[in-house]
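Colleague: Quick one: structure below, then a few questions.
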Amino acid sequence: MSDIIDILISASFWAAVIRIASPLILATMGELICERAGVLNLGIEGIMVIGAFTGWMAVYQGMPLWGGVAVAMAAGMLFGLLHSTLTVPFGLSQHVVGLGVTLLATSTASFSYRLMLPEVTSPPKINPFPPLDLPILSDLPFLGEAIFSQTALTWAAFAVAGLVALVLYRTPLGLAVRAAGENPAAVEAQGLSVTGLRMGAVIVGSGLMAVGGAFLTLSAFSSFFFEMVNGRGWICVALVVFGAWKPGKAVLGAILFAAFDALQIRLQQTDLGALLPYQLFLAAPYVLSILALILMSRRAEVPAALMVPYNKGER
Amino acid sequence: MTQTQAEAEVVLRLDRITKAFGPVRANDAISLSLRRGEVVALLGENGAGKTTLMNILFGHYVADQGSVEVFGQSLPPGAPRAALAAGVGMVHQHFTLAGNLTVLDNITLGTEGLWARGVGRSAAKAKVGTLSRDFGLAVDTEARVGRLSVGERQRVEILKALYRDARILILDEPTAVLTPQEAEALFATLRKATARGLSVIFISHKLHEVLAIADRCVVLRHGRVVGEVDTHGTDKAKLASLMVGGELSLPSAEVRAPGPVLMQFQGVSTPDRGAVPGLKGVTLELRAGQITGLAGVSGNGQAALADLIAGLALPASGHLMLRTKAVADWSPRKALSEGVGRIPEDRHHTGSIADFDLTENAVLEAYRTPRFSRRGWMDWRAARSFAEQIIAGYDVRCPGPDTRIRLLSGGNMQKLILGRAMAPGPEIILANQPVRGLDVGAIAYVQSQLIAARDRGAAVLLISEDLDEIMGLSDVLHVLSQGRLSPAFARGSISAAELGLWMAGQGFGDARHAA
């Protein structure tokens, strides 16, 4: 027990929580936008892989770090375009298309990696985003290390979450997106294009997912390796449900999951870790997430038209 | 009156609109004009092409031929935005509201540029406030639409159109879901609107409403205009014969002495289902040789009552009696074996399986009986001949028993379900909204079958929102409101207006004191 308290009051623990949460927040916001418009995007896992790969490769080829972020975003949007073309105007099954996009994006990344770096045995490194040194704030005791020593991309992740909330709830565009996920016929009857709104949401959302993936290579680690996304995309799909399709709650969910994850790594090194098999610790964040999901999502209001294709003029 | 109208400006002109869905001509060279301040009723059976025509006008569908002209400008096809901009507002039969959003959000949706920086809520609110005062459309702008009653939702739909300064209002079967009082309030709103120079197209197949509100009436049949009459010089019988293309004999029912009680509810209560109330101490008798009518707006406990009879639920308190005994092991299968025939409320969801063919659907309730299966194997030959019997006996118009039921029209689907329910000769018949959405011909057929069943001694419970149907068919009738059941009224002992008051929940307090 005292081990847990020691961990919880250490600044490095909280720094890790925020770092682990950042890519989850970015990708969760992407998924949330898609689902609010009525499209379930299961391409998320693969789109994060393609984001991680393209962002890293761009920087490895000599682009600046923000250039890498932009390349990742563009790649994500391209897969978003593919996904939304199939699911929105063609109205194909969102499950099948989503899983297909994940498979395609994941294998495109591995294929391109092998093609571009045929002779490499250990993945080459880049110089990732450094921690931002903020005047005064970074020198604060505890908080300086826990919160104010993060990279620019982490700050961007939290800013994106705020922006998504603002756009969804405070602008006509956000209103239209939410209505497209609730009752597309209402959007159509008001003279707006359901197809345009949904495709736009999926494309932008996929772009954010890819930036979430790029966070892993450009900020958290300094190189790309296969399996690095490791199910984070699926966690984000669950986080959207956990957050009841609301950006603020989804961010809290991401932080909670990250805290479980950071905690279990540290617990493995304590006496408890010597006692129990390490697989239990690895599984803990997922088990706890499932429990939290059950508790939180009971009264959530699902967008009424989620996964319902809209066909204009159909009888 | 007619003089001024003739001079009034024509605001809308539809010219030879033609639209085909596959081999079916939904609209065949329909022309129509609408003048300023006028209410034109578009009358026709289901499938006559009314809704298709309006969807073309509003830009949901693109016509194969023909043109639409609003205020002298021709409207580009397939663009709801252009129709809105030209001043056309449409209240769809199935409301196009997002339940998760507030009333104000639903109204302002799409009225501001998507890239505008914010929603001007206070200005919007003030405008909606003014409109609701001027037109008598009271709503709470901050309420979530999902929580509103059907009548309130309709007001939101009308406000949506008025908020966009609509000059032409299209109402697609607006009264289908309203109580008589709510319908009267709607008519009052429409009169205010026309007094301000709005023009209204009113789609309906209820003749008395058309006569009450419209100045002119255009009758459609099979996608063509078959008549255009001034409502001041016509009556229900003339309009009905125009609609169906011939004199229509409505089923008449003579009163008979009822038989013994076959099913009885004694102080039955069921739990509420979310916002929908359960039954509250309902006592009801279903007698042999009698049609018992249950009037009321949907969502007042009808579903709970129907589920009890069908075996889908048990009373939480009180007793459900079959003949003289309390029911034991009540379940859908038990209900069927005890001679309960069911015509479910929603023929698509609970009455049939869309992708099964007619044969499979015909034996859904009886596939386990020895007639259709032996030792666990289906006898498809018997099933098919049973389906053929229903098709022939109940005038189900279809290519054959191998047709998937989803391809049938609502009327023919209902006839198959009716035949299936009637085949075992049920003693108790639950007819839940049996003619909803059917055309006049199919309605007459279904109703005459219910009367025939009564005449051979069955106890029929008819649940309906349509007062004409309830009052015309029922030997005794009750009203269900908020889960409470009114006392029984004998045929002819209560007026539609009084029924409306009961439906709105008045009278129950007195009844409790009296009892």
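Every chain in the structure tokens takes a letter, A first, then B, and so on in the order presented; its residues are numbered from 1, and the ligands are numbered from 1 following the presented order.
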Pull out every residue of chain B that has at least one atom within 8 Å of chain A, counting only C-alpha atoms, and report them as a VMD selection string.
Modeller: chain B and resid 60 to 61 79 to 82 84 90 95 to 101 105 109 to 119
Colleague: Selected residues, N, CA and C atoms, written as a PDB file, in the first residue's frame, please.
Modeller:
```
ATOM      1  N   HIS B  60     -35.950  16.405 -52.074  1.00  0.00           N
ATOM      2  CA  HIS B  60     -35.404  15.136 -51.590  1.00  0.00           C
ATOM      3  C   HIS B  60     -35.251  14.140 -52.734  1.00  0.00           C
ATOM      4  N   TYR B  61     -36.196  14.177 -53.671  1.00  0.00           N
ATOM      5  CA  TYR B  61     -36.094  13.336 -54.858  1.00  0.00           C
ATOM      6  C   TYR B  61     -35.936  14.241 -56.078  1.00  0.00           C
ATOM      7  N   ALA B  79     -32.444  19.820 -54.616  1.00  0.00           N
ATOM      8  CA  ALA B  79     -31.683  20.670 -53.706  1.00  0.00           C
ATOM      9  C   ALA B  79     -32.589  21.236 -52.620  1.00  0.00           C
ATOM     10  N   PRO B  80     -32.674  20.546 -51.465  1.00  0.00           N
ATOM     11  CA  PRO B  80     -33.497  21.064 -50.372  1.00  0.00           C
ATOM     12  C   PRO B  80     -33.096  22.492 -49.987  1.00  0.00           C
ATOM     13  N   ARG B  81     -31.792  22.790 -50.106  1.00  0.00           N
ATOM     14  CA  ARG B  81     -31.328  24.123 -49.732  1.00  0.00           C
ATOM     15  C   ARG B  81     -31.991  25.209 -50.585  1.00  0.00           C
ATOM     16  N   ALA B  82     -32.131  24.908 -51.883  1.00  0.00           N
ATOM     17  CA  ALA B  82     -32.753  25.879 -52.776  1.00  0.00           C
ATOM     18  C   ALA B  82     -34.235  26.046 -52.438  1.00  0.00           C
ATOM     19  N   LEU B  84     -35.595  25.610 -49.514  1.00  0.00           N
ATOM     20  CA  LEU B  84     -35.656  26.383 -48.272  1.00  0.00           C
ATOM     21  C   LEU B  84     -35.454  27.862 -48.560  1.00  0.00           C
ATOM     22  N   MET B  90     -41.131  22.369 -45.000  1.00  0.00           N
ATOM     23  CA  MET B  90     -41.846  21.095 -45.030  1.00  0.00           C
ATOM     24  C   MET B  90     -41.850  20.452 -43.648  1.00  0.00           C
ATOM     25  N   PHE B  95     -41.046  12.990 -38.313  1.00  0.00           N
ATOM     26  CA  PHE B  95     -40.352  14.240 -38.014  1.00  0.00           C
ATOM     27  C   PHE B  95     -38.863  14.122 -38.259  1.00  0.00           C
ATOM     28  N   THR B  96     -38.283  15.194 -38.762  1.00  0.00           N
ATOM     29  CA  THR B  96     -36.843  15.213 -38.979  1.00  0.00           C
ATOM     30  C   THR B  96     -36.206  16.060 -37.883  1.00  0.00           C
ATOM     31  N   LEU B  97     -36.262  15.533 -36.665  1.00  0.00           N
ATOM     32  CA  LEU B  97     -35.679  16.242 -35.540  1.00  0.00           C
ATOM     33  C   LEU B  97     -34.603  15.358 -34.926  1.00  0.00           C
ATOM     34  N   ALA B  98     -33.575  15.990 -34.360  1.00  0.00           N
ATOM     35  CA  ALA B  98     -32.541  15.242 -33.657  1.00  0.00           C
ATOM     36  C   ALA B  98     -32.892  15.249 -32.170  1.00  0.00           C
ATOM     37  N   GLY B  99     -33.203  14.063 -31.632  1.00  0.00           N
ATOM     38  CA  GLY B  99     -33.727  13.960 -30.272  1.00  0.00           C
ATOM     39  C   GLY B  99     -32.766  14.410 -29.195  1.00  0.00           C
ATOM     40  N   ASN B 100     -31.480  14.320 -29.486  1.00  0.00           N
ATOM     41  CA  ASN B 100     -30.464  14.628 -28.488  1.00  0.00           C
ATOM     42  C   ASN B 100     -30.185  16.130 -28.381  1.00  0.00           C
ATOM     43  N   LEU B 101     -30.699  16.893 -29.310  1.00  0.00           N
ATOM     44  CA  LEU B 101     -30.434  18.329 -29.317  1.00  0.00           C
ATOM     45  C   LEU B 101     -31.624  19.088 -28.742  1.00  0.00           C
ATOM     46  N   ASP B 105     -31.588  24.316 -30.866  1.00  0.00           N
ATOM     47  CA  ASP B 105     -30.566  23.764 -31.765  1.00  0.00           C
ATOM     48  C   ASP B 105     -31.199  23.173 -33.008  1.00  0.00           C
ATOM     49  N   LEU B 109     -30.427  24.768 -36.670  1.00  0.00           N
ATOM     50  CA  LEU B 109     -29.540  23.917 -37.462  1.00  0.00           C
ATOM     51  C   LEU B 109     -29.566  24.303 -38.936  1.00  0.00           C
ATOM     52  N   GLY B 110     -28.394  24.614 -39.457  1.00  0.00           N
ATOM     53  CA  GLY B 110     -28.297  24.900 -40.883  1.00  0.00           C
ATOM     54  C   GLY B 110     -28.708  26.305 -41.279  1.00  0.00           C
ATOM     55  N   THR B 111     -29.130  27.143 -40.315  1.00  0.00           N
ATOM     56  CA  THR B 111     -29.554  28.487 -40.709  1.00  0.00           C
ATOM     57  C   THR B 111     -28.393  29.460 -40.734  1.00  0.00           C
ATOM     58  N   GLU B 112     -27.276  29.066 -40.094  1.00  0.00           N
ATOM     59  CA  GLU B 112     -26.118  29.950 -40.134  1.00  0.00           C
ATOM     60  C   GLU B 112     -25.013  29.271 -40.919  1.00  0.00           C
ATOM     61  N   GLY B 113     -24.117  30.049 -41.473  1.00  0.00           N
ATOM     62  CA  GLY B 113     -23.004  29.467 -42.207  1.00  0.00           C
ATOM     63  C   GLY B 113     -22.252  28.519 -41.303  1.00  0.00           C
ATOM     64  N   LEU B 114     -21.819  27.373 -41.856  1.00  0.00           N
ATOM     65  CA  LEU B 114     -21.147  26.386 -41.031  1.00  0.00           C
ATOM     66  C   LEU B 114     -19.892  26.953 -40.403  1.00  0.00           C
ATOM     67  N   TRP B 115     -19.293  27.916 -41.062  1.00  0.00           N
ATOM     68  CA  TRP B 115     -18.023  28.435 -40.560  1.00  0.00           C
ATOM     69  C   TRP B 115     -18.221  29.706 -39.748  1.00  0.00           C
ATOM     70  N   ALA B 116     -19.491  30.050 -39.467  1.00  0.00           N
ATOM     71  CA  ALA B 116     -19.725  31.198 -38.598  1.00  0.00           C
ATOM     72  C   ALA B 116     -19.083  30.903 -37.248  1.00  0.00           C
ATOM     73  N   ARG B 117     -18.681  31.964 -36.542  1.00  0.00           N
ATOM     74  CA  ARG B 117     -17.871  31.719 -35.366  1.00  0.00           C
ATOM     75  C   ARG B 117     -18.681  31.182 -34.186  1.00  0.00           C
ATOM     76  N   GLY B 118     -19.916  31.554 -34.076  1.00  0.00           N
ATOM     77  CA  GLY B 118     -20.693  31.053 -32.952  1.00  0.00           C
ATOM     78  C   GLY B 118     -22.159  31.025 -33.321  1.00  0.00           C
ATOM     79  N   VAL B 119     -22.958  30.432 -32.444  1.00  0.00           N
ATOM     80  CA  VAL B 119     -24.392  30.413 -32.677  1.00  0.00           C
ATOM     81  C   VAL B 119     -24.985  31.604 -31.943  1.00  0.00           C
TER      82      VAL B 119
END
```
Colleague: Fewer than 6 positions away in the same chain doesn't count, so skip those; otherwise give me all residues within 8 Å of stretch 61-69 of chain A, counting only C-alpha atoms, as a PyMOL selection string.
Modeller: chain A and resi 54-55+128-129+211+214+218
Colleague: Mind the document's chain letters and residue numbers, and return as number ranges by chain the residues of stretch 138-309 of chain A that DSSP labels alpha helix (DSSP H).
Modeller: A: 143-146, 152-170, 172-182, 184-189, 194-215, 232-242, 247-267, 271-275, 278-296
Colleague: Residues at most 8 Å from B:Ala48, counting only C-alpha atoms, excluding those fewer than 4 positions away in the same chain, as a PyMOL selection string?
Modeller: chain B and resi 26+44+220-224
Colleague: Generate the output file for the selected residues, N, CA and C atoms, as an mmCIF file, in the first residue's frame.
Modeller:
```cif
data_model
loop_
_atom_site.group_PDB
_atom_site.id
_atom_site.type_symbol
_atom_site.label_atom_id
_atom_site.label_comp_id
_atom_site.auth_asym_id
_atom_site.auth_seq_id
_atom_site.Cartn_x
_atom_site.Cartn_y
_atom_site.Cartn_z
ATOM 1 N N ALA B 26 -44.895 6.557 -59.569
ATOM 2 C CA ALA B 26 -45.413 7.148 -58.338
ATOM 3 C C ALA B 26 -46.114 8.467 -58.639
ATOM 4 N N GLY B 44 -55.440 11.436 -51.009
ATOM 5 C CA GLY B 44 -55.251 10.214 -51.783
ATOM 6 C C GLY B 44 -54.956 9.058 -50.860
ATOM 7 N N LEU B 220 -55.467 12.595 -55.616
ATOM 8 C CA LEU B 220 -54.547 11.771 -56.397
ATOM 9 C C LEU B 220 -54.973 10.312 -56.312
ATOM 10 N N ARG B 221 -54.802 9.604 -57.414
ATOM 11 C CA ARG B 221 -54.998 8.159 -57.379
ATOM 12 C C ARG B 221 -53.992 7.536 -58.334
ATOM 13 N N HIS B 222 -53.270 6.542 -57.859
ATOM 14 C CA HIS B 222 -52.254 5.865 -58.664
ATOM 15 C C HIS B 222 -51.334 6.851 -59.376
ATOM 16 N N GLY B 223 -50.928 7.889 -58.674
ATOM 17 C CA GLY B 223 -49.956 8.814 -59.236
ATOM 18 C C GLY B 223 -50.520 9.857 -60.187
ATOM 19 N N ARG B 224 -51.829 9.891 -60.367
ATOM 20 C CA ARG B 224 -52.410 10.889 -61.259
ATOM 21 C C ARG B 224 -53.407 11.766 -60.502
#
```
Colleague: Tell me, in Å to one decimal, how far atom CA of B:His348 is from atom CA of B:Asn412.
Modeller: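 A separation of 12.1 Å between them.
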Colleague: Could I get the residues of stretch 279-309 of chain B with an atom no further than 10 Å from an atom of stretch 447-451 of chain B, each paired with its nearest atom pair and that distance in Å to one decimal, using only C-alpha atoms, sorted by chain and residue number, as a tab-separated table?
Modeller:
```
residue	atom	partner	partner_atom	distance
B:Gly289	CA	B:Ile451	CA	9.2
B:Gln290	CA	B:Ile451	CA	8.9
B:Ile291	CA	B:Ile451	CA	7.8
```
Colleague: Could you write those residues out with N, CA and C atoms, as a compact mmCIF listing (two decimals), in the first residue's frame?
Modeller:
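The file below, out_28.txt, is the result:
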```
# COMPACT_ATOMS: atom_id res chain seq x y z
N GLY B 289 -68.28 -12.32 -28.93
CA GLY B 289 -69.25 -11.67 -29.81
C GLY B 289 -69.31 -10.17 -29.63
N GLN B 290 -68.20 -9.58 -29.21
CA GLN B 290 -68.20 -8.14 -28.97
C GLN B 290 -66.85 -7.56 -29.39
N ILE B 291 -66.92 -6.39 -30.01
CA ILE B 291 -65.68 -5.68 -30.29
C ILE B 291 -65.51 -4.62 -29.22
```
Colleague: So that I can see what lies close to stretch 464-470 of chain B, please list as a ChimeraX atom specification the residues with an atom at most 7 Å from it, counting only C-alpha atoms and leaving out residues fewer than 6 positions away in the same chain.
Modeller: /B:293-298,432-433,496
Colleague: Fewer than 4 positions away in the same chain doesn't count, so skip those; otherwise give me all residues within 7 Å of B:Asp402, counting only C-alpha atoms, as a count of residues only.
Modeller: 3
Colleague: Show which residues sit within 9 Å of A:Ile4, as a ChimeraX atom specification. Count only C-alpha atoms, and ignore same-chain residues fewer than 4 positions away.
Modeller: /A:8-9,263,266-267
Colleague: Restricting it to C-alpha atoms, dump the selection as a PDB file, in the first residue's frame.
Modeller:
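Generated file (again35.pdb):
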```
ATOM      1  CA  LEU A   8       1.318   8.491  -6.579  1.00  0.00           C
ATOM      2  CA  ILE A   9       3.215  11.365  -4.949  1.00  0.00           C
ATOM      3  CA  LEU A 263       1.030   2.624 -12.088  1.00  0.00           C
ATOM      4  CA  ARG A 266       5.990   0.984 -11.380  1.00  0.00           C
ATOM      5  CA  LEU A 267       4.221  -1.639  -9.290  1.00  0.00           C
TER       6      LEU A 267
END
```
Colleague: Considering only C-alpha atoms, can you say which of A:Ile47, A:Leu282, A:Leu26, A:Val241 comes closest to A:Leu81?
Modeller: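 Result for the nearest residue to A:Leu81: A:Ile47.
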